[in-house]
file my_file.cif (mmCIF, C-alpha atoms)
data_my_file
loop_
_atom_site.label_atom_id
_atom_site.label_comp_id
_atom_site.auth_asym_id
_atom_site.auth_seq_id
_atom_site.Cartn_x
_atom_site.Cartn_y
_atom_site.Cartn_z
CA MET A 1 31.52 27.44 -16.45
CA SER A 2 32.84 24.86 -18.89
CA LEU A 3 30.81 23.86 -21.93
CA HIS A 4 31.24 20.30 -20.74
CA ASP A 5 29.40 20.81 -17.43
CA ALA A 6 26.93 17.96 -16.97
CA ASP A 7 24.24 20.25 -15.57
CA GLY A 8 23.64 21.93 -18.95
CA SER A 9 25.07 25.24 -17.74
CA TRP A 10 26.06 26.03 -21.33
CA LEU A 11 22.35 26.66 -22.00
CA PRO A 12 21.52 30.27 -21.02
CA ASP A 13 18.37 31.12 -19.11
CA HIS A 14 16.69 32.62 -22.18
CA GLN A 15 16.91 29.20 -23.86
CA LEU A 16 15.62 27.01 -21.02
CA HIS A 17 12.24 26.82 -22.76
CA VAL A 18 13.69 24.39 -25.30
CA VAL A 19 14.26 21.75 -22.60
CA GLU A 20 10.52 21.54 -22.04
CA THR A 21 9.81 21.29 -25.77
CA LEU A 22 12.31 18.46 -26.08
CA ALA A 23 10.65 16.73 -23.13
CA HIS A 24 7.31 16.99 -24.93
CA VAL A 25 8.89 15.44 -28.02
CA ASP A 26 10.31 12.59 -25.94
CA HIS A 27 6.94 11.90 -24.35
CA THR A 28 5.23 11.93 -27.75
CA ILE A 29 7.78 9.50 -29.22
CA GLU A 30 7.33 7.19 -26.23
CA ARG A 31 3.55 7.13 -26.75
CA LEU A 32 4.08 6.44 -30.43
CA LEU A 33 6.52 3.57 -29.87
CA ARG A 34 4.29 1.90 -27.27
CA LEU A 35 1.43 2.01 -29.76
CA THR A 36 3.69 0.69 -32.54
CA HIS A 37 4.91 -2.18 -30.37
CA ASP A 38 1.37 -3.14 -29.35
CA TYR A 39 0.31 -3.10 -33.01
CA THR A 40 3.15 -5.29 -34.27
CA GLU A 41 2.77 -7.75 -31.36
CA ARG A 42 -0.95 -8.34 -31.95
CA GLY A 43 -0.46 -10.52 -35.02
CA THR A 44 -0.06 -7.88 -37.70
CA ILE A 45 0.06 -10.40 -40.54
CA THR A 46 -2.12 -13.45 -41.19
CA PHE A 47 -0.79 -16.12 -43.50
CA ALA A 48 -1.99 -18.68 -45.99
CA GLU A 49 -0.27 -21.72 -47.52
CA VAL A 50 -0.34 -22.23 -51.29
CA ARG A 51 0.94 -25.39 -52.98
CA ASN A 52 3.49 -24.74 -55.68
CA GLY A 53 4.68 -28.03 -57.21
CA ASP A 54 6.73 -29.92 -54.67
CA ARG A 55 6.89 -26.91 -52.38
CA VAL A 56 4.50 -24.85 -50.28
CA ASP A 57 4.57 -21.06 -50.36
CA VAL A 58 3.64 -19.02 -47.31
CA VAL A 59 1.80 -15.93 -48.53
CA VAL A 60 0.27 -12.85 -46.95
CA ARG A 61 -3.44 -13.31 -46.46
CA GLU A 62 -4.05 -10.01 -44.71
CA VAL A 63 -2.22 -7.13 -43.04
CA ALA A 64 -3.89 -5.49 -40.03
CA PRO A 65 -4.77 -1.84 -40.67
CA LEU A 66 -2.24 0.58 -39.23
CA PRO A 67 -3.66 2.65 -36.33
CA GLN A 68 -4.01 6.16 -37.66
CA ALA A 69 -2.77 7.60 -34.39
CA ILE A 70 0.69 6.50 -35.51
CA PRO A 71 1.26 8.89 -38.46
CA ARG A 72 -0.32 11.71 -36.46
CA LEU A 73 1.94 11.14 -33.47
CA VAL A 74 4.91 11.08 -35.87
CA ALA A 75 3.78 14.42 -37.30
CA ASP A 76 3.33 15.83 -33.79
CA ALA A 77 6.84 14.79 -32.73
CA LEU A 78 8.52 16.12 -35.87
CA THR A 79 6.59 19.40 -35.80
CA GLN A 80 7.66 19.96 -32.21
CA LEU A 81 11.27 19.16 -33.09
CA ARG A 82 11.18 21.82 -35.78
CA ALA A 83 9.50 24.19 -33.32
CA ALA A 84 12.38 23.59 -30.90
CA LEU A 85 14.79 24.83 -33.58
CA GLU A 86 12.64 27.80 -34.57
CA HIS A 87 12.07 28.88 -30.97
CA THR A 88 15.77 28.58 -30.18
CA LEU A 89 16.70 30.75 -33.17
CA TYR A 90 14.05 33.33 -32.29
CA ALA A 91 15.20 33.56 -28.67
CA GLU A 92 18.81 33.87 -29.78
CA VAL A 93 18.00 36.73 -32.15
CA GLU A 94 16.19 38.60 -29.38
CA ALA A 95 19.01 37.94 -26.89
CA THR A 96 21.60 39.21 -29.39
CA LEU A 97 19.59 42.36 -30.09
CA GLY A 98 18.79 42.89 -26.42
CA ARG A 99 15.14 43.62 -27.10
CA SER A 100 11.87 42.07 -28.24
CA LEU A 101 11.20 41.88 -31.96
CA THR A 102 8.46 43.85 -33.62
CA GLU A 103 5.69 42.00 -35.41
CA GLU A 104 7.26 42.72 -38.79
CA GLU A 105 10.72 41.65 -37.63
CA ALA A 106 9.36 38.45 -36.13
CA LYS A 107 8.03 37.36 -39.53
CA THR A 108 11.56 37.25 -40.94
CA VAL A 109 12.99 34.89 -38.30
CA GLU A 110 12.85 31.27 -39.40
CA MET A 111 15.29 28.41 -39.67
CA PRO A 112 16.32 27.95 -43.32
CA ALA A 113 17.04 24.51 -44.76
CA THR A 114 19.02 25.17 -47.93
CA CYS A 115 20.65 22.68 -50.28
CA GLY A 116 23.04 25.18 -51.86
CA VAL A 117 25.24 28.09 -50.78
CA SER A 118 23.43 30.48 -53.12
CA ALA A 119 20.09 29.69 -51.50
CA LEU A 120 21.44 30.59 -48.05
CA THR A 121 23.02 33.77 -49.46
CA GLN A 122 19.63 34.72 -50.85
CA TRP A 123 17.96 33.99 -47.51
CA LEU A 124 20.46 36.14 -45.60
CA GLY A 125 20.20 38.87 -48.24
CA ASN A 126 16.45 39.32 -47.88
CA PRO A 127 15.97 43.12 -47.49
CA ARG A 128 13.71 42.81 -44.45
CA ARG A 129 15.97 40.25 -42.79
CA ARG A 130 19.03 42.44 -43.35
CA ARG A 131 17.47 45.02 -41.01
CA LEU A 132 18.15 42.56 -38.17
CA PRO A 133 21.88 42.89 -37.41
CA ALA A 134 21.94 39.50 -35.67
CA LEU A 135 21.14 37.77 -38.98
CA ASN A 136 23.53 39.68 -41.22
CA ALA A 137 25.94 37.54 -43.24
CA GLY A 138 29.16 36.91 -41.34
CA THR A 139 27.74 37.43 -37.85
CA PRO A 140 28.22 34.61 -35.31
CA LEU A 141 24.57 33.59 -35.49
CA ALA A 142 24.58 33.56 -39.30
CA GLN A 143 27.70 31.38 -39.23
CA ARG A 144 26.02 28.96 -36.85
CA ILE A 145 22.99 28.73 -39.13
CA GLU A 146 25.32 28.05 -42.06
CA ARG A 147 27.01 25.18 -40.18
CA LEU A 148 23.66 23.42 -39.86
CA GLN A 149 22.59 23.67 -43.51
CA PRO A 150 21.94 20.55 -45.61
CA PHE A 151 24.45 21.65 -48.27
CA GLN A 152 27.22 20.96 -45.76
CA ARG A 153 26.67 17.26 -46.42
CA ARG A 154 27.63 15.45 -49.63
CA THR A 155 24.05 14.16 -49.86
CA PRO A 156 21.88 17.14 -48.78
CA ASP A 157 18.65 15.16 -49.15
CA GLU A 158 19.75 12.91 -46.27
CA HIS A 159 20.75 15.75 -43.93
CA PRO A 160 18.63 15.80 -40.75
CA LEU A 161 17.57 19.42 -41.26
CA ARG A 162 16.42 18.64 -44.81
CA LEU A 163 14.48 15.62 -43.55
CA LEU A 164 12.90 17.61 -40.75
CA ALA A 165 11.89 20.41 -43.11
CA VAL A 166 10.25 18.20 -45.74
CA TYR A 167 8.44 16.02 -43.20
CA THR A 168 6.97 18.99 -41.36
CA ASN A 169 6.11 20.95 -44.52
CA VAL A 170 4.01 18.03 -45.70
CA ALA A 171 2.50 17.51 -42.22
CA LYS A 172 1.52 21.17 -41.95
CA HIS A 173 0.12 21.68 -45.43
CA ARG A 174 -0.91 18.32 -46.93
CA ALA A 175 -1.31 15.32 -44.66
CA PRO A 176 0.29 13.60 -41.65
CA ALA A 177 3.37 11.48 -42.20
CA VAL A 178 3.05 8.74 -44.81
CA ALA A 179 3.38 5.56 -42.76
CA ALA A 180 2.89 1.91 -43.64
CA THR A 181 3.50 -1.59 -42.37
CA ARG A 182 6.38 -3.12 -44.32
CA LEU A 183 8.37 -6.31 -44.24
CA GLY A 184 11.60 -6.04 -42.28
CA ALA A 185 12.81 -9.64 -42.49
CA VAL A 186 11.86 -13.31 -42.62
CA HIS A 187 14.13 -15.90 -41.08
CA PRO A 188 13.87 -19.55 -40.07
CA ASP A 189 14.33 -20.42 -36.40
CA ASP A 190 16.86 -22.99 -37.65
CA PRO A 191 19.17 -21.20 -40.09
CA HIS A 192 20.20 -24.53 -41.63
CA SER A 193 16.66 -25.51 -42.59
CA ASP A 194 15.46 -25.86 -46.18
CA LEU A 195 13.38 -22.69 -46.06
CA THR A 196 13.65 -20.09 -48.80
CA VAL A 197 12.77 -16.57 -47.62
CA VAL A 198 12.00 -13.44 -49.58
CA LEU A 199 13.98 -11.12 -47.30
CA PRO A 200 16.69 -12.54 -44.99
CA LEU A 201 17.40 -10.95 -41.63
CA LYS A 202 19.87 -8.07 -41.90
CA HIS A 203 21.59 -6.50 -38.93
CA GLY A 204 21.59 -2.72 -38.93
CA PRO A 205 18.86 -2.02 -41.51
CA GLN A 206 19.24 1.22 -43.45
CA PRO A 207 16.74 3.59 -45.09
CA GLY A 208 15.53 1.94 -48.28
CA ASP A 209 15.74 -1.59 -46.87
CA GLY A 210 12.66 -3.76 -46.47
CA LEU A 211 9.76 -4.59 -48.77
CA PRO A 212 6.11 -3.63 -49.03
CA LEU A 213 3.52 -6.00 -47.53
CA ARG A 214 0.58 -6.79 -49.79
CA GLU A 215 -2.06 -9.46 -49.92
CA GLY A 216 -0.76 -12.43 -51.91
CA ASP A 217 2.95 -11.62 -51.43
CA ILE A 218 5.12 -14.73 -50.99
CA LEU A 219 7.15 -14.59 -47.77
CA ALA A 220 8.73 -18.03 -47.65
CA SER A 221 8.77 -21.40 -49.36
CA ALA A 222 9.43 -24.90 -47.97
CA PRO A 223 9.29 -28.49 -49.25
CA ARG A 224 5.82 -30.03 -49.10
CA GLY A 225 5.28 -31.88 -45.83
CA ALA A 226 8.01 -29.98 -43.99
CA ARG A 227 7.17 -28.01 -40.86
CA ILE A 228 9.82 -25.36 -40.40
CA PRO A 229 9.28 -22.70 -37.71
CA PHE A 230 10.15 -19.21 -38.88
CA SER A 231 9.69 -15.61 -37.80
CA VAL A 232 8.40 -12.62 -39.73
CA TRP A 233 9.43 -9.12 -38.70
CA PRO A 234 6.99 -6.38 -39.74
CA THR A 235 8.13 -2.77 -39.43
CA VAL A 236 6.20 0.47 -39.15
CA SER A 237 7.99 2.73 -41.61
CA LEU A 238 7.85 6.30 -42.88
CA GLN A 239 8.22 7.45 -46.46
CA ARG A 240 10.51 10.41 -46.94
CA PRO A 241 8.43 12.92 -48.92
CA HIS A 242 11.19 14.25 -51.19
CA THR A 243 12.88 10.96 -52.17
CA GLY A 244 10.21 8.29 -51.62
CA VAL A 245 12.68 6.23 -49.57
CA TRP A 246 11.18 4.23 -46.71
CA ALA A 247 12.80 4.26 -43.26
CA ILE A 248 11.82 2.48 -40.05
CA ALA A 249 9.88 5.02 -37.98
CA ALA A 250 11.81 4.44 -34.75
CA ASP A 251 15.16 4.86 -36.52
CA GLU A 252 14.04 8.03 -38.29
CA LEU A 253 12.75 9.59 -35.09
CA LYS A 254 15.94 8.64 -33.25
CA LEU A 255 18.06 10.27 -35.95
CA LEU A 256 16.12 13.55 -35.97
CA GLU A 257 15.53 13.86 -32.22
CA GLU A 258 19.17 13.17 -31.45
CA TRP A 259 20.42 15.64 -34.07
CA VAL A 260 18.18 18.46 -32.87
CA ARG A 261 18.96 17.87 -29.19
CA THR A 262 22.70 17.14 -29.36
CA VAL A 263 23.84 19.06 -32.45
CA ALA A 264 21.49 21.72 -33.78
CA ILE A 265 20.48 23.44 -30.55
CA PRO A 266 24.01 23.50 -29.07
CA VAL A 267 25.39 24.90 -32.34
CA LEU A 268 22.72 27.61 -32.52
CA VAL A 269 23.37 28.63 -28.93
CA THR A 270 27.14 28.17 -28.54
CA GLY A 271 28.56 27.62 -32.02
CA ARG A 272 29.69 24.10 -31.12
CA HIS A 273 28.15 20.73 -30.33
CA ASP A 274 30.80 19.16 -28.08
CA VAL A 275 28.80 20.01 -24.99
CA SER A 276 26.96 17.90 -22.44
CA PRO A 277 23.77 16.69 -24.18
CA LEU A 278 20.50 18.10 -22.97
CA PRO A 279 18.52 15.37 -21.18
CA PRO A 280 15.43 14.31 -23.14
CA GLN A 281 13.34 12.98 -20.28
CA LEU A 282 11.92 15.77 -18.13
CA ASP A 283 8.51 15.44 -16.49
CA ILE A 284 6.52 18.44 -17.74
CA THR A 285 3.19 17.15 -16.46
CA VAL A 286 4.12 18.97 -13.23
CA GLY A 287 5.26 22.53 -12.79
CA HIS A 288 8.87 23.32 -11.90
CA ARG A 289 9.81 26.36 -9.85
CA ASP A 290 13.35 26.12 -11.23
CA VAL A 291 13.71 24.37 -14.60
CA ARG A 292 17.48 24.31 -14.27
CA ASP A 293 17.25 22.37 -11.01
CA ALA A 294 14.83 19.95 -12.66
CA LEU A 295 17.18 19.65 -15.63
CA ALA A 296 19.98 18.40 -13.40
CA THR A 297 17.94 15.33 -12.37
CA ALA A 298 16.12 14.65 -15.66
CA GLY A 299 16.41 11.27 -17.37
CA ARG A 300 19.12 11.00 -20.01
CA THR A 301 17.89 8.01 -22.00
CA PRO A 302 15.88 8.94 -25.12
CA ALA A 303 12.48 7.37 -25.74
CA VAL A 304 13.68 5.23 -28.66
CA VAL A 305 16.43 3.67 -26.53
CA ARG A 306 14.04 3.14 -23.62
CA SER A 307 11.60 1.45 -25.99
CA ARG A 308 14.27 -0.91 -27.31
CA ASP A 309 15.35 -1.72 -23.75
CA ARG A 310 11.74 -2.41 -22.81
CA ILE A 311 11.26 -4.81 -25.72
CA ALA A 312 14.59 -6.52 -25.01
CA ALA A 313 13.60 -6.89 -21.36
CA ILE A 314 10.26 -8.50 -22.27
CA THR A 315 12.11 -11.17 -24.24
CA GLY A 316 14.81 -11.34 -21.56
CA ARG A 317 12.36 -12.07 -18.75
CA ASP A 318 10.92 -15.00 -20.71
CA GLY A 319 14.41 -16.31 -21.47
CA LEU A 320 15.57 -16.03 -17.87
CA ALA A 321 12.48 -17.82 -16.60
CA ASP A 322 13.07 -20.68 -19.07
CA PHE A 323 16.76 -20.85 -18.11
CA LEU A 324 16.06 -21.00 -14.36
CA ALA A 325 13.52 -23.77 -14.91
CA PHE A 326 16.52 -26.14 -15.24
CA PHE A 327 17.60 -25.46 -11.62
CA ALA A 328 15.86 -27.79 -9.19
CA GLU A 329 16.59 -25.53 -6.21
CA ARG A 330 14.79 -22.55 -7.73
CA PRO A 331 11.64 -21.16 -6.06
CA GLU A 332 8.27 -21.93 -7.66
CA THR A 333 7.62 -20.52 -11.12
CA GLU A 334 5.25 -17.82 -9.85
CA THR A 335 7.93 -16.48 -7.50
CA VAL A 336 10.57 -16.46 -10.24
CA ARG A 337 8.20 -14.54 -12.50
CA ALA A 338 7.34 -12.08 -9.73
CA TRP A 339 11.04 -11.52 -9.03
CA LEU A 340 11.81 -10.93 -12.70
CA ASP A 341 8.89 -8.49 -12.94
CA SER A 342 10.28 -6.60 -9.93
CA LEU A 343 13.52 -5.88 -11.82
CA ASP A 344 13.77 -2.84 -14.04
CA ASP A 345 14.52 -3.29 -17.75
CA ILE A 346 18.21 -2.46 -17.44
CA GLN A 347 18.71 -5.05 -14.68
CA VAL A 348 17.06 -7.73 -16.80
CA ILE A 349 19.22 -6.86 -19.81
CA GLU A 350 22.37 -6.95 -17.67
CA HIS A 351 21.51 -10.45 -16.43
CA VAL A 352 20.88 -11.65 -20.00
CA LEU A 353 24.14 -10.13 -21.26
CA HIS A 354 26.09 -11.75 -18.44
CA LEU A 355 24.64 -15.17 -19.26
CA ARG A 356 25.58 -14.67 -22.91
CA THR A 357 29.12 -13.79 -21.87
CA VAL A 358 29.59 -17.06 -19.99
CA SER A 359 27.43 -19.25 -22.25
CA GLY A 360 30.48 -21.06 -23.65
CA ARG A 361 31.85 -21.87 -20.19
CA PRO A 362 29.53 -24.43 -18.50
CA ARG A 363 30.86 -24.05 -14.95
CA GLU A 364 30.55 -20.25 -15.03
CA LEU A 365 27.11 -20.54 -16.62
CA ILE A 366 25.93 -22.80 -13.78
CA ASP A 367 27.41 -20.42 -11.19
CA ALA A 368 25.65 -17.47 -12.84
CA GLY A 369 22.37 -19.38 -12.83
CA SER A 370 22.81 -20.31 -9.18
CA GLU A 371 23.32 -16.68 -8.28
CA LEU A 372 20.09 -15.78 -10.09
CA VAL A 373 18.31 -18.51 -8.16
CA ASN A 374 19.67 -17.04 -4.91
CA GLU A 375 18.39 -13.61 -5.92
CA ALA A 376 14.95 -15.08 -6.54
CA ARG A 377 15.06 -16.76 -3.12
CA ARG A 378 16.05 -13.54 -1.39
CA TYR A 379 13.16 -11.82 -3.15
CA LYS A 380 10.78 -14.51 -1.84
CA GLU A 381 12.13 -14.02 1.68
CA ARG A 382 11.63 -10.25 1.49
CA ILE A 383 8.08 -10.66 0.24
CA GLY A 384 7.39 -13.18 3.00
CA GLU A 385 8.68 -10.79 5.65
CA GLN A 386 6.53 -7.95 4.29
CA SER A 387 3.35 -10.04 4.28
CA GLY A 388 4.02 -11.93 7.53
CA PRO A 389 3.12 -10.92 11.11
CA GLY A 390 3.71 -7.24 11.59
CA GLY A 391 4.23 -6.80 7.83
CA SER A 392 2.02 -5.35 5.19
CA ASP A 393 0.35 -6.71 2.08
CA ALA A 394 0.07 -3.22 0.60
#

call {"tool": "encode", "arguments": {"input": "my_file.cif", "output": "structure tokens"}}
result
Amino acid sequence: MSLHDADGSWLPDHQLHVVETLAHVDHTIERLLRLTHDYTERGTITFAEVRNGDRVDVVVREVAPLPQAIPRLVADALTQLRAALEHTLYAEVEATLGRSLTEEEAKTVEMPATCGVSALTQWLGNPRRRRLPALNAGTPLAQRIERLQPFQRRTPDEHPLRLLAVYTNVAKHRAPAVAATRLGAVHPDDPHSDLTVVLPLKHGPQPGDGLPLREGDILASAPRGARIPFSVWPTVSLQRPHTGVWAIAADELKLLEEWVRTVAIPVLVTGRHDVSPLPPQLDITVGHRDVRDALATAGRTPAVVRSRDRIAAITGRDGLADFLAFFAERPETETVRAWLDSLDDIQVIEHVLHLRTVSGRPRELIDAGSELVNEARRYKERIGEQSGPGGSDA
């Protein structure tokens, strides 16, 4: 079969175990991101106003304590990602040898994360490891391991394997991930207002962006007497152990999960990564008689993307309800809300994106709104039929 088959047929039977580990990682990340969202939406920061001459400074009065489940769930997800790599390598060594490893041989099988060619040469040259033909220098598996090493990148400290190794080494031997609530951005609702902010909104934040959040920090400043609405974006961030750089937790997890699932595992197994990505979303709370059959119908949207869609849909439902309030022929507000709640997140986002597309064309915008009103009406009719005579309220 082709390496591009969508059913994951490039993954041999002896490696199917990794699909379930990746599913566990996805579930763990989803739990983490739901907790993170709930934390940041509960009013993470309280503010105070301090007069400063003819201006008023908005300062941090208090930052809500970070739930300690968050760094532990991060550590769980990253440890399982590293386990996925280690287990894949171990299974590949056994498959290449055609037998089970002895206890002594098993101790030599681990995924190196080297920042220089000499370090990998030393790892491959270990006397005990050299007794395993599959891991001898120059073999296909050794070449695949080499392709994944941090030294292949100009900045090895930013390579996903390097990040994964340092995070999990600290989590295993010292403490869970170092996590903190930081400042992502401050921006006025009216960008033309006379509000000075400490950290303007930046699209596409990168590791190292953002600021710490401490009691007494100034976030914004406005003329005395002015009332200028503004938004503050807190972020739950992780500190990279080896460089001290802070990165938004969701972005860091997305980077590492995606690299392990779509690059590292395919390269270890096939020597290439241009294969159909393994689906991240498999239900492992139930048993599967045939994992490969289950794999063919598993969800293909990673937890981080699902989380972002969910948050966008929450905002989108509110925006759509406000927009439809301008249409006199709409059903009552409760029905509109019930209809919007009946839509899945992707449907909500598609409606919002369509309205944005036609926002500069009034006639098309009205037509789009009328169609949404008609959808809400049809929903009301369906609900009425279900709860009417001969229907069901269940």

call {"tool": "closest_residue", "arguments": {"input": "my_file.cif", "among": "A:Leu278, A:Leu81, A:Ala177, A:Leu343", "to": "A:Val236", "atoms": "all atoms listed in the file"}}
result
A:Ala177

call {"tool": "atom_distance", "arguments": {"input": "my_file.cif", "atom1": "atom CA of A:Thr181", "atom2": "atom CA of A:Val197"}}
result
18.4 Å

call {"tool": "residues_around", "arguments": {"input": "my_file.cif", "residues": "stretch 229-234 of chain A", "least_positions_apart": "2", "cutoff": "9 Å", "atoms": "all atoms listed in the file", "output": "VMD selection string"}}
result
chain A and resid 40 44 to 45 181 to 190 195 201 213 219 to 220 227 236

call {"tool": "residues_near_point", "arguments": {"input": "my_file.cif", "point": "(12.3, 22.0, -42.0)", "cutoff": "9 Å", "atoms": "only C-alpha atoms", "output": "list in words"}}
result
Thr79, Arg82, Met111, Pro112, Ala113, Pro160, Leu161, Arg162, Leu163, Leu164, Ala165, Val166, Tyr167, Thr168 and Asn169 of chain A

call {"tool": "residues_around", "arguments": {"input": "my_file.cif", "residues": "A:Glu375", "least_positions_apart": "6", "cutoff": "12 Å", "atoms": "all atoms listed in the file", "output": "list in words"}}
result
Leu324, Arg330, Pro331, Thr335, Val336, Ala338, Trp339, Leu340, Ser342, Leu343, His351, Ala368, Gly369, Glu381 and Arg382 of chain A

call {"tool": "resolve_selection", "arguments": {"input": "my_file.cif", "expression": "the PyMOL selection byres ((chain A and resi 55) around 6)", "output": "PyMOL selection string"}}
result
chain A and resi 52-54+56+222-224

call {"tool": "closest_residue", "arguments": {"input": "my_file.cif", "among": "A:Leu353, A:Leu78, A:Val59, A:Ala134", "to": "A:Leu97", "atoms": "all atoms listed in the file"}}
result
A:Ala134

call {"tool": "resolve_selection", "arguments": {"input": "my_file.cif", "expression": "the PyMOL selection byres ((chain A and resi 309) around 12)", "output": "PyMOL selection string"}}
result
chain A and resi 33+301-308+310-317+344-350+352

call {"tool": "atom_distance", "arguments": {"input": "my_file.cif", "atom1": "atom CA of A:Pro150", "atom2": "atom CA of A:Lys202"}}
result
28.9 Å

call {"tool": "decode", "arguments": {"input": "my_file.cif", "residues": "stretch 81-104 of chain A", "atoms": "N, CA and C atoms", "output": "JSON list (two decimals), in the first residue's frame"}}
result
[["chain", "number", "residue", "atom", "x", "y", "z"],
["A", 81, "LEU", "N", 4.25, 11.76, 25.61],
["A", 81, "LEU", "CA", 4.78, 11.99, 24.27],
["A", 81, "LEU", "C", 6.18, 11.37, 24.13],
["A", 82, "ARG", "N", 7.00, 11.55, 25.15],
["A", 82, "ARG", "CA", 8.33, 10.95, 25.09],
["A", 82, "ARG", "C", 8.21, 9.42, 25.13],
["A", 83, "ALA", "N", 7.27, 8.92, 25.93],
["A", 83, "ALA", "CA", 7.06, 7.47, 25.97],
["A", 83, "ALA", "C", 6.66, 6.94, 24.60],
["A", 84, "ALA", "N", 5.85, 7.70, 23.87],
["A", 84, "ALA", "CA", 5.45, 7.27, 22.52],
["A", 84, "ALA", "C", 6.68, 7.08, 21.64],
["A", 85, "LEU", "N", 7.65, 7.98, 21.74],
["A", 85, "LEU", "CA", 8.88, 7.84, 20.97],
["A", 85, "LEU", "C", 9.69, 6.63, 21.42],
["A", 86, "GLU", "N", 9.87, 6.51, 22.74],
["A", 86, "GLU", "CA", 10.67, 5.41, 23.28],
["A", 86, "GLU", "C", 10.06, 4.06, 22.94],
["A", 87, "HIS", "N", 8.75, 3.95, 23.07],
["A", 87, "HIS", "CA", 8.08, 2.68, 22.78],
["A", 87, "HIS", "C", 8.17, 2.34, 21.30],
["A", 88, "THR", "N", 8.05, 3.37, 20.45],
["A", 88, "THR", "CA", 8.17, 3.13, 19.01],
["A", 88, "THR", "C", 9.56, 2.63, 18.66],
["A", 89, "LEU", "N", 10.59, 3.25, 19.22],
["A", 89, "LEU", "CA", 11.96, 2.82, 18.96],
["A", 89, "LEU", "C", 12.18, 1.39, 19.45],
["A", 90, "TYR", "N", 11.70, 1.09, 20.64],
["A", 90, "TYR", "CA", 11.88, -0.24, 21.21],
["A", 90, "TYR", "C", 11.21, -1.30, 20.33],
["A", 91, "ALA", "N", 9.98, -1.03, 19.91],
["A", 91, "ALA", "CA", 9.26, -1.99, 19.06],
["A", 91, "ALA", "C", 9.95, -2.16, 17.72],
["A", 92, "GLU", "N", 10.55, -1.09, 17.22],
["A", 92, "GLU", "CA", 11.22, -1.17, 15.92],
["A", 92, "GLU", "C", 12.50, -1.99, 16.02],
["A", 93, "VAL", "N", 13.21, -1.85, 17.13],
["A", 93, "VAL", "CA", 14.42, -2.65, 17.34],
["A", 93, "VAL", "C", 14.05, -4.13, 17.40],
["A", 94, "GLU", "N", 13.02, -4.46, 18.16],
["A", 94, "GLU", "CA", 12.61, -5.87, 18.26],
["A", 94, "GLU", "C", 12.14, -6.40, 16.91],
["A", 95, "ALA", "N", 11.38, -5.59, 16.17],
["A", 95, "ALA", "CA", 10.90, -6.05, 14.86],
["A", 95, "ALA", "C", 12.06, -6.27, 13.90],
["A", 96, "THR", "N", 13.07, -5.41, 13.95],
["A", 96, "THR", "CA", 14.24, -5.56, 13.08],
["A", 96, "THR", "C", 15.03, -6.81, 13.42],
["A", 97, "LEU", "N", 15.17, -7.07, 14.72],
["A", 97, "LEU", "CA", 15.91, -8.27, 15.16],
["A", 97, "LEU", "C", 15.09, -9.55, 14.98],
["A", 98, "GLY", "N", 13.79, -9.42, 15.00],
["A", 98, "GLY", "CA", 12.93, -10.59, 14.87],
["A", 98, "GLY", "C", 12.80, -11.40, 16.14],
["A", 99, "ARG", "N", 13.07, -10.75, 17.26],
["A", 99, "ARG", "CA", 12.97, -11.45, 18.55],
["A", 99, "ARG", "C", 12.80, -10.43, 19.67],
["A", 100, "SER", "N", 12.45, -10.94, 20.86],
["A", 100, "SER", "CA", 12.35, -10.07, 22.03],
["A", 100, "SER", "C", 13.75, -9.77, 22.56],
["A", 101, "LEU", "N", 13.90, -8.62, 23.16],
["A", 101, "LEU", "CA", 15.19, -8.24, 23.74],
["A", 101, "LEU", "C", 15.36, -8.86, 25.12],
["A", 102, "THR", "N", 16.59, -9.14, 25.46],
["A", 102, "THR", "CA", 16.88, -9.58, 26.82],
["A", 102, "THR", "C", 16.82, -8.38, 27.74],
["A", 103, "GLU", "N", 16.84, -8.64, 29.04],
["A", 103, "GLU", "CA", 16.78, -7.55, 30.01],
["A", 103, "GLU", "C", 17.96, -6.61, 29.85],
["A", 104, "GLU", "N", 19.14, -7.15, 29.62],
["A", 104, "GLU", "CA", 20.33, -6.32, 29.46],
["A", 104, "GLU", "C", 20.27, -5.52, 28.16]]
